[in-house]
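Here is the structure we will look at.
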Amino acid sequence: MNVTTRLPHPAIAAARLAGILGVLFLLIPTLIVVPISVGPDKYLHFPPRGFSLEWYGTLIGDPGWMRAALFSLQIAVLVTLLSTALGTAAALALTRGRLHGARALSVAVLAPIVAPNIVVAVAMYLFFSRLGMSGSLVAFVLAHTVLATPYVVITVSAALAAADPDLELAAMSLGASRSRAFVHATLPLILPGVIAGAVFAFVVSFDEAVVSFFLSSVRDKTLPRKIFEELDYDVSPVVAAVSTVLTFLSVGLLGLAAVLRRRAPRAPATKA
Amino acid sequence: MADVATRTIDTAGMGADVSIRSLVKRYGPVTAVEDISLAVASGEFLSVLGPSGSGKTTVLMCLAGFEIPSAGSLHIGGREVTALPPNRREIGVIFQRYALFPHMSVRDNVRFPLKMRGMARRQAEAVVEEALATVRLSGFGDRLPAQLSGGQQQRVALARAISFRPPLLLMDEPLSALDKKLREEMQAEIKDLQRRLGLTVIFVTHDQEEALTMSDRIAVMSHGRLEQVGTPEEIYGNPATSFVARFVGETNILPGIVHRRSGQDGTVALDGGGEIAVPLPAERRLAEGSAAEVMLRPEHVAVMPAGSGVNGLAARLVGHSFAGATVALTFEAAGGQRLVARRPARELAGLAPGAEVVLVPEAGQARCFARTGQGA
């Protein structure tokens, strides 16, 4: 870093410019909803002609939006709890256990990330509608848990890889039962990874649109699904306001996760 | 400081005896430990020595309770512990990479076993201070493990492992991460601690020098089996198998054929020419005419000038390496056979590369083993 700041070589300057442009290219489509949401017009307009928080007021006052937001929140909280527990357990089994076919199993666990969302969504839809559970809270929670758990597995596995497995053995030799050894020796070290995984799980569920599109009923729908519907017959800036709130909530949470992962306690150097 | 230590943690004679009976450990189709039986006396320092993959660490893991034996039983202090979970075995374990809890201070690390046993905080505080004094780390309680050197970290691990006064200490290559000088200091420190506390210690190492220096007895392992159990003198001077002879200390290996045997004595005709007198153990595979290997320690090879009339192997000096008090002389004998002799450095005088000599094995010091076909 120091080297690049001291040496403004043309190639480095060009690379830096390309990087900045690349980031802007990625960000602008997302951030463009922010100015739109504070415009006074009754339809989506860019650039905004003035400033108004009217649409945020409308959003808060609308029971339809609030109901969808609450439903999404309810799902996301349950998904966070469930997938954090499952994902942490799976990561422990995959990295610390002596499993036959651990590699195949980890591919299977991570499959929902790789498989096309639409395929997962159709499968979920067919499955839950056959059970007559389409649109139910349980269906949403189970479907989102499938999608969110892999993220927990990834963050917790990374944390576990950095924690010495001998620590747990040491704790047991010193008188801790298996569960106490985990709680005292391993958990404090992987906690930042677990929390980061939980944040990912929350965001994955709260922002999830494709599966929700299929599973939502007329009465019970999630926030992203509601956005879809609103766009279909009423292009109101409220949609931009909702999108802005969602974006900043997600970015904020992921930023928090990043900070937590950086603050993980480091293992001592083992050299003399 | 030493005063405090001896006053407070002097519990000499508290070591437990250990008995390993027909221990077998398999991982799927792989047998890591194959039918090992071994008794360790109370207060004894026993090293388990072997190359990596010999099963020595598996034996230790079974004793600690981290692995469940496939067959056999383990007894510590007269109590069978074969299926007991590690936290109920009362054994101190020292790991190669220290295994200190990185998120806890030195004090909290040492207090951990006391906390697990529900000891009152104030009482525990005193025990922790004693333990730290014992390993000469008083005043380091507030540090984090990452702020200590490797040697200090291993001393904290020691303090933690003895703070709850286990009668048995298991050590898994505890010094292999340290540099040579520090390792030697720690060897002395561990020996001293073991004697002072009267602990039974089972010490796993691949370093034969370390095993020879520290142990009351050594158990040499190879391919999951015990090759030999004995005092360092026995292991070095009277290796039971060719593996032990090769693994412990330096040795010259001379292939040949048993030429004559009469009772416990005989001669071996070397493949490269020449004959050597050896004691022959009463072993069927060492009959006259069978393939054999003669092992000769470098310090048991005397160097005589050529034509001095003594019986020995004619050889020519090809190189030497000076090691302070001694010098290692490398010779080439007939048939290209290489031999090393370790002599007091002054004997080098007058010997230049190319010098013709006669090598004479010291009487009764050569060892003969049947050649197994696996070769060197």
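Naming scheme: A, B, ... for chains in displayed order of the structure tokens; residues 1 onward per chain; ligands 1 onward as shown.
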What's around region 129-136 of chain A at 7 Å? Count only C-alpha atoms, leave out sequence neighbours fewer than 4 positions away in its own chain, and write the answer as a ChimeraX atom specification.
/A:125,140,215-217,220
Just the selected residues (all heavy atoms), exported as a tab-separated table (two decimals), in the first residue's frame, please.
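Produced file result08.tsv, reproduced below:
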```tsv
chain	number	residue	atom	x	y	z
A	125	TYR	N	-41.63	-24.79	-4.65
A	125	TYR	CA	-43.05	-24.50	-4.92
A	125	TYR	C	-43.83	-25.81	-5.07
A	125	TYR	O	-44.87	-26.01	-4.44
A	125	TYR	CB	-43.17	-23.64	-6.19
A	125	TYR	CG	-44.59	-23.43	-6.62
A	125	TYR	CD1	-45.46	-22.67	-5.84
A	125	TYR	CD2	-45.08	-24.02	-7.78
A	125	TYR	CE1	-46.78	-22.49	-6.21
A	125	TYR	CE2	-46.39	-23.84	-8.17
A	125	TYR	CZ	-47.24	-23.08	-7.38
A	125	TYR	OH	-48.54	-22.91	-7.75
A	140	PHE	N	-41.80	-20.78	4.11
A	140	PHE	CA	-40.79	-19.74	3.86
A	140	PHE	C	-39.53	-20.00	4.69
A	140	PHE	O	-38.42	-19.92	4.19
A	140	PHE	CB	-41.34	-18.35	4.23
A	140	PHE	CG	-42.07	-17.71	3.09
A	140	PHE	CD1	-43.45	-17.56	3.11
A	140	PHE	CD2	-41.36	-17.24	1.98
A	140	PHE	CE1	-44.12	-16.96	2.07
A	140	PHE	CE2	-42.03	-16.63	0.94
A	140	PHE	CZ	-43.42	-16.49	0.97
A	215	LEU	N	-43.52	-18.82	-3.60
A	215	LEU	CA	-44.17	-19.32	-2.39
A	215	LEU	C	-45.22	-18.36	-1.83
A	215	LEU	O	-46.08	-18.76	-1.06
A	215	LEU	CB	-43.12	-19.59	-1.30
A	215	LEU	CG	-42.27	-20.86	-1.46
A	215	LEU	CD1	-41.36	-21.03	-0.25
A	215	LEU	CD2	-43.14	-22.10	-1.64
A	216	SER	N	-45.15	-17.08	-2.20
A	216	SER	CA	-46.06	-16.10	-1.60
A	216	SER	C	-47.50	-16.37	-1.98
A	216	SER	O	-47.79	-16.83	-3.09
A	216	SER	CB	-45.67	-14.68	-2.06
A	216	SER	OG	-44.46	-14.30	-1.48
A	217	SER	N	-48.40	-16.10	-1.05
A	217	SER	CA	-49.83	-16.18	-1.35
A	217	SER	C	-50.36	-14.76	-1.45
A	217	SER	O	-49.63	-13.79	-1.22
A	217	SER	CB	-50.55	-16.94	-0.23
A	217	SER	OG	-50.47	-16.18	0.96
A	220	ASP	N	-50.20	-13.62	2.37
A	220	ASP	CA	-48.89	-13.56	3.02
A	220	ASP	C	-47.79	-13.46	1.97
A	220	ASP	O	-47.54	-14.41	1.23
A	220	ASP	CB	-48.65	-14.82	3.86
A	220	ASP	CG	-49.59	-14.83	5.05
A	220	ASP	OD1	-49.68	-13.79	5.73
A	220	ASP	OD2	-50.26	-15.86	5.28
```
Report task. Please provide the set of residues having any atom within 10 Å of region 178-183 of chain A, restricted to only C-alpha atoms, with same-chain residues fewer than 5 positions apart removed, written as number ranges by chain. Result -> A: 167-173, 188-189; B: 85-87, 116
Residue neighbourhood Gly198 (chain B), 10 Å, only C-alpha atoms, exclusion window fewer than 2 positions, as a short mmCIF file (atom, residue, chain, number, x, y, z; two decimals) with C-alpha atoms, in the first residue's frame:
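Result file is selection_11.cif:
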```
data_model
loop_
_atom_site.label_atom_id
_atom_site.label_comp_id
_atom_site.auth_asym_id
_atom_site.auth_seq_id
_atom_site.Cartn_x
_atom_site.Cartn_y
_atom_site.Cartn_z
CA ASP B 10 6.20 -30.77 46.54
CA THR B 11 4.16 -33.88 46.23
CA ALA B 12 6.90 -36.37 45.46
CA GLY B 13 5.75 -39.90 44.95
CA MET B 14 2.41 -38.94 43.50
CA GLY B 15 3.09 -40.56 40.13
CA ALA B 16 0.73 -43.24 38.93
CA SER B 42 5.17 -44.88 39.22
CA GLY B 43 7.47 -41.88 38.84
CA GLU B 44 9.16 -43.27 35.75
CA PHE B 45 10.13 -41.17 32.73
CA PRO B 167 -0.31 -38.22 38.64
CA LEU B 168 0.56 -38.72 34.96
CA ASP B 192 13.78 -31.44 36.96
CA LEU B 193 10.04 -30.84 37.28
CA GLN B 194 9.31 -34.54 36.85
CA ARG B 195 11.76 -35.50 39.60
CA ARG B 196 10.57 -32.79 41.96
CA THR B 200 5.07 -40.39 35.86
CA VAL B 201 5.85 -39.04 32.39
#
```
Find the residues around region 236-247 of chain B up to 12 Å (only C-alpha atoms counted), leave out those fewer than 5 positions away in its own chain, and share them as a VMD selection string.
-> chain B and resid 49 to 51 54 206 to 209 211 to 213 217 to 223 225 to 231 252 to 255 279 281 283 292 to 297 299 to 300 364 to 376
Just N, CA and C atoms for this one: save the residues we selected as a compact mmCIF listing (two decimals), in the first residue's frame.
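So part.txt came out as:
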```txt
# COMPACT_ATOMS: atom_id res chain seq x y z
N LEU B 49 9.67 -43.75 21.40
CA LEU B 49 10.50 -43.23 20.32
C LEU B 49 10.18 -43.96 19.04
N GLY B 50 10.06 -43.20 17.95
CA GLY B 50 9.82 -43.84 16.66
C GLY B 50 9.71 -42.80 15.58
N PRO B 51 9.84 -43.23 14.33
CA PRO B 51 9.68 -42.28 13.23
C PRO B 51 8.21 -41.91 13.09
N SER B 54 4.83 -44.31 13.13
CA SER B 54 5.14 -45.56 13.84
C SER B 54 4.04 -45.92 14.83
N HIS B 206 10.40 -38.20 18.24
CA HIS B 206 11.06 -38.89 17.13
C HIS B 206 12.56 -38.63 17.19
N ASP B 207 12.96 -37.86 18.22
CA ASP B 207 14.35 -37.43 18.35
C ASP B 207 15.08 -38.39 19.29
N GLN B 208 15.91 -39.26 18.72
CA GLN B 208 16.54 -40.31 19.52
C GLN B 208 17.49 -39.73 20.57
N GLU B 209 18.11 -38.61 20.24
CA GLU B 209 19.02 -38.00 21.19
C GLU B 209 18.26 -37.53 22.43
N ALA B 211 15.42 -38.69 23.50
CA ALA B 211 14.97 -39.86 24.25
C ALA B 211 16.12 -40.42 25.10
N LEU B 212 17.32 -40.49 24.52
CA LEU B 212 18.46 -41.04 25.25
C LEU B 212 18.80 -40.16 26.44
N THR B 213 18.72 -38.84 26.26
CA THR B 213 19.09 -37.90 27.32
C THR B 213 18.13 -37.93 28.49
N ARG B 217 13.51 -45.14 30.79
CA ARG B 217 13.44 -46.21 29.81
C ARG B 217 12.89 -45.66 28.50
N ILE B 218 13.20 -46.36 27.42
CA ILE B 218 12.72 -45.97 26.10
C ILE B 218 11.96 -47.14 25.49
N ALA B 219 10.81 -46.85 24.90
CA ALA B 219 10.10 -47.86 24.11
C ALA B 219 10.22 -47.44 22.65
N VAL B 220 10.91 -48.26 21.86
CA VAL B 220 11.09 -47.92 20.44
C VAL B 220 9.97 -48.57 19.64
N MET B 221 9.30 -47.76 18.81
CA MET B 221 8.19 -48.27 18.00
C MET B 221 8.49 -48.14 16.52
N SER B 222 7.95 -49.07 15.76
CA SER B 222 8.03 -48.99 14.31
C SER B 222 6.84 -49.73 13.73
N HIS B 223 6.18 -49.14 12.77
CA HIS B 223 5.03 -49.76 12.10
C HIS B 223 4.00 -50.29 13.09
N ARG B 225 4.30 -51.40 16.04
CA ARG B 225 4.73 -52.43 16.99
C ARG B 225 5.87 -51.92 17.86
N LEU B 226 6.03 -52.58 19.03
CA LEU B 226 7.16 -52.28 19.89
C LEU B 226 8.37 -53.05 19.38
N GLU B 227 9.46 -52.35 19.14
CA GLU B 227 10.67 -53.02 18.71
C GLU B 227 11.51 -53.45 19.92
N GLN B 228 11.57 -52.57 20.90
CA GLN B 228 12.39 -52.85 22.08
C GLN B 228 12.01 -51.88 23.20
N VAL B 229 12.03 -52.38 24.42
CA VAL B 229 11.85 -51.52 25.59
C VAL B 229 13.06 -51.70 26.49
N GLY B 230 13.70 -50.61 26.86
CA GLY B 230 14.86 -50.77 27.72
C GLY B 230 15.42 -49.43 28.15
N THR B 231 16.45 -49.51 29.00
CA THR B 231 17.12 -48.28 29.43
C THR B 231 17.84 -47.69 28.21
N ASN B 252 27.38 -48.06 11.42
CA ASN B 252 27.84 -48.58 10.13
C ASN B 252 27.11 -49.89 9.88
N ILE B 253 26.64 -50.09 8.67
CA ILE B 253 25.93 -51.31 8.33
C ILE B 253 26.75 -52.07 7.29
N LEU B 254 27.18 -53.28 7.65
CA LEU B 254 28.04 -54.06 6.76
C LEU B 254 27.34 -55.36 6.40
N PRO B 255 26.87 -55.52 5.17
CA PRO B 255 26.21 -56.76 4.78
C PRO B 255 27.23 -57.88 4.57
N PRO B 279 29.52 -61.31 18.12
CA PRO B 279 28.74 -62.19 18.97
C PRO B 279 27.47 -62.56 18.19
N PRO B 281 23.67 -63.94 18.39
CA PRO B 281 22.57 -64.36 19.25
C PRO B 281 22.04 -65.70 18.78
N GLU B 283 19.84 -67.42 17.28
CA GLU B 283 18.67 -67.18 16.46
C GLU B 283 18.76 -68.09 15.24
N ALA B 292 23.42 -61.86 6.58
CA ALA B 292 23.40 -61.13 7.84
C ALA B 292 23.86 -59.68 7.61
N GLU B 293 23.60 -58.86 8.64
CA GLU B 293 24.08 -57.48 8.62
C GLU B 293 24.86 -57.25 9.89
N VAL B 294 26.05 -56.69 9.76
CA VAL B 294 26.82 -56.37 10.96
C VAL B 294 26.69 -54.87 11.19
N MET B 295 26.33 -54.49 12.42
CA MET B 295 26.19 -53.07 12.78
C MET B 295 27.32 -52.70 13.74
N LEU B 296 27.96 -51.62 13.41
CA LEU B 296 29.12 -51.22 14.19
C LEU B 296 29.04 -49.71 14.44
N ARG B 297 29.00 -49.31 15.71
CA ARG B 297 28.94 -47.88 16.03
C ARG B 297 30.26 -47.23 15.64
N GLU B 299 32.07 -45.11 17.09
CA GLU B 299 33.04 -44.97 18.18
C GLU B 299 33.69 -46.30 18.53
N HIS B 300 33.21 -47.40 17.93
CA HIS B 300 33.79 -48.70 18.21
C HIS B 300 34.71 -49.18 17.08
N GLY B 364 33.79 -57.42 20.77
CA GLY B 364 32.48 -57.61 21.40
C GLY B 364 31.48 -56.50 21.15
N GLN B 365 31.84 -55.50 20.33
CA GLN B 365 30.92 -54.36 20.16
C GLN B 365 30.10 -54.43 18.88
N ALA B 366 30.52 -55.26 17.93
CA ALA B 366 29.72 -55.39 16.71
C ALA B 366 28.44 -56.17 17.03
N ARG B 367 27.36 -55.86 16.29
CA ARG B 367 26.09 -56.58 16.48
C ARG B 367 25.67 -57.15 15.14
N CYS B 368 25.12 -58.35 15.20
CA CYS B 368 24.76 -59.01 13.96
C CYS B 368 23.26 -59.29 13.91
N PHE B 369 22.64 -58.95 12.80
CA PHE B 369 21.20 -59.20 12.62
C PHE B 369 20.98 -59.95 11.32
N ALA B 370 19.90 -60.74 11.30
CA ALA B 370 19.57 -61.42 10.05
C ALA B 370 19.16 -60.37 9.02
N ARG B 371 19.56 -60.59 7.78
CA ARG B 371 19.17 -59.64 6.73
C ARG B 371 17.76 -59.99 6.27
N THR B 372 16.88 -59.01 6.32
CA THR B 372 15.47 -59.31 6.05
C THR B 372 15.11 -59.16 4.59
N GLY B 373 16.02 -58.64 3.80
CA GLY B 373 15.69 -58.47 2.38
C GLY B 373 15.19 -57.09 2.07
N GLN B 374 14.74 -56.36 3.14
CA GLN B 374 14.27 -55.00 2.90
C GLN B 374 15.43 -54.04 2.65
N GLY B 375 16.61 -54.43 3.09
CA GLY B 375 17.80 -53.61 2.84
C GLY B 375 17.81 -52.35 3.68
N ALA B 376 18.74 -51.51 3.37
CA ALA B 376 18.97 -50.34 4.19
C ALA B 376 17.95 -49.25 3.94
```
*Find the residues in chain B near chain A: any atom within 9 Å counts, using only C-alpha atoms. Write them as a PyMOL selection string.*
chain B and resi 64-66+85-95+97-103+112-117+144-153+160-161+164+177-179+182
Residues of the last selection are to be written out with C-alpha atoms, as a compact mmCIF listing (two decimals), in the first residue's frame.
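The resulting again.txt:
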```txt
# COMPACT_ATOMS: atom_id res chain seq x y z
CA ALA B 64 -5.26 -39.43 26.99
CA GLY B 65 -8.70 -40.66 25.98
CA PHE B 66 -8.88 -38.80 22.67
CA PRO B 85 -13.73 -39.82 28.72
CA PRO B 86 -10.57 -37.65 28.82
CA ASN B 87 -11.97 -35.21 31.37
CA ARG B 88 -12.33 -38.01 33.93
CA ARG B 89 -8.84 -39.46 33.55
CA GLU B 90 -6.87 -36.86 35.55
CA ILE B 91 -3.97 -36.75 33.09
CA GLY B 92 -1.93 -33.69 32.16
CA VAL B 93 -1.34 -33.51 28.42
CA ILE B 94 1.29 -31.35 26.72
CA PHE B 95 0.88 -30.74 23.02
CA ARG B 97 1.91 -26.72 19.49
CA TYR B 98 1.25 -25.85 23.16
CA ALA B 99 -2.55 -25.62 22.72
CA LEU B 100 -2.87 -22.57 24.98
CA PHE B 101 -6.24 -20.86 24.75
CA PRO B 102 -5.36 -17.76 22.72
CA HIS B 103 -8.29 -15.72 24.03
CA PHE B 112 -8.88 -23.39 33.53
CA PRO B 113 -8.53 -26.92 34.97
CA LEU B 114 -9.27 -25.55 38.47
CA LYS B 115 -12.36 -23.78 37.20
CA MET B 116 -13.54 -27.00 35.57
CA ARG B 117 -13.16 -28.67 38.96
CA LEU B 144 -1.75 -13.28 26.43
CA PRO B 145 -0.13 -16.41 24.98
CA ALA B 146 0.61 -14.54 21.74
CA GLN B 147 2.85 -12.18 23.74
CA LEU B 148 5.15 -15.00 24.87
CA SER B 149 8.03 -16.81 23.18
CA GLY B 150 7.68 -20.46 22.20
CA GLY B 151 9.62 -21.66 25.23
CA GLN B 152 7.52 -19.51 27.57
CA GLN B 153 4.32 -20.77 25.97
CA ARG B 160 -1.53 -25.55 33.30
CA ALA B 161 -1.03 -29.31 33.04
CA PHE B 164 -4.52 -29.78 39.06
CA ALA B 177 8.89 -26.53 17.71
CA LEU B 178 11.82 -25.05 19.66
CA ASP B 179 15.34 -24.35 18.45
CA LEU B 182 16.07 -23.77 23.97
```
Open item on the list: Taking 5 positions as the minimum chain separation for residues in the same chain, which residues sit within 12 Å of Gly57 (chain A) when counting only C-alpha atoms? Answer as number ranges by chain.
Closed with: A: 37-38, 52, 62-63, 65-66, 237-238, 241-242
Distance in Å - CA of Ser72 (chain A) versus CA of Lys221 (chain A):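 The value is 7.9 Å.
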Which is closest to Gly252 (chain A) among A:Ala14, A:Val199, A:Ile227, A:Ile118, if we use only C-alpha atoms?
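Among the listed residues, A:Val199 lies closest to Gly252 (chain A).
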Within 12 Å of region 92-111 of chain A: each region 144-253 of chain A residue with its shortest pair, only C-alpha atoms, as CSV:
```
residue,atom,partner,partner_atom,distance
A:Thr145,CA,A:Val109,CA,11.5
A:Val146,CA,A:Val109,CA,8.8
A:Leu147,CA,A:Leu110,CA,8.9
A:Ala148,CA,A:Leu110,CA,9.8
A:Thr149,CA,A:Val109,CA,8.0
A:Pro150,CA,A:Leu110,CA,5.0
A:Tyr151,CA,A:Leu110,CA,8.1
A:Val152,CA,A:Leu110,CA,10.1
A:Val153,CA,A:Leu110,CA,8.1
A:Ile154,CA,A:Leu110,CA,8.4
A:Thr155,CA,A:Leu92,CA,11.5
A:Val156,CA,A:Leu92,CA,8.1
A:Ser157,CA,A:Thr95,CA,6.7
A:Ala158,CA,A:Thr95,CA,9.4
A:Ala159,CA,A:Leu92,CA,10.3
A:Leu160,CA,A:Thr95,CA,7.3
A:Ala161,CA,A:Thr95,CA,7.4
A:Ala162,CA,A:Thr95,CA,11.0
A:Ala163,CA,A:Arg96,CA,10.7
A:Asp164,CA,A:Arg96,CA,10.4
A:Pro165,CA,A:Arg96,CA,7.6
A:Asp166,CA,A:Arg96,CA,10.8
A:Glu168,CA,A:Arg96,CA,10.7
A:Leu169,CA,A:Arg96,CA,11.8
A:Phe182,CA,A:Leu92,CA,10.3
A:Thr186,CA,A:Leu92,CA,10.3
A:Leu187,CA,A:Leu92,CA,10.8
A:Ile190,CA,A:Leu92,CA,10.6
A:Val194,CA,A:Leu92,CA,11.4
```
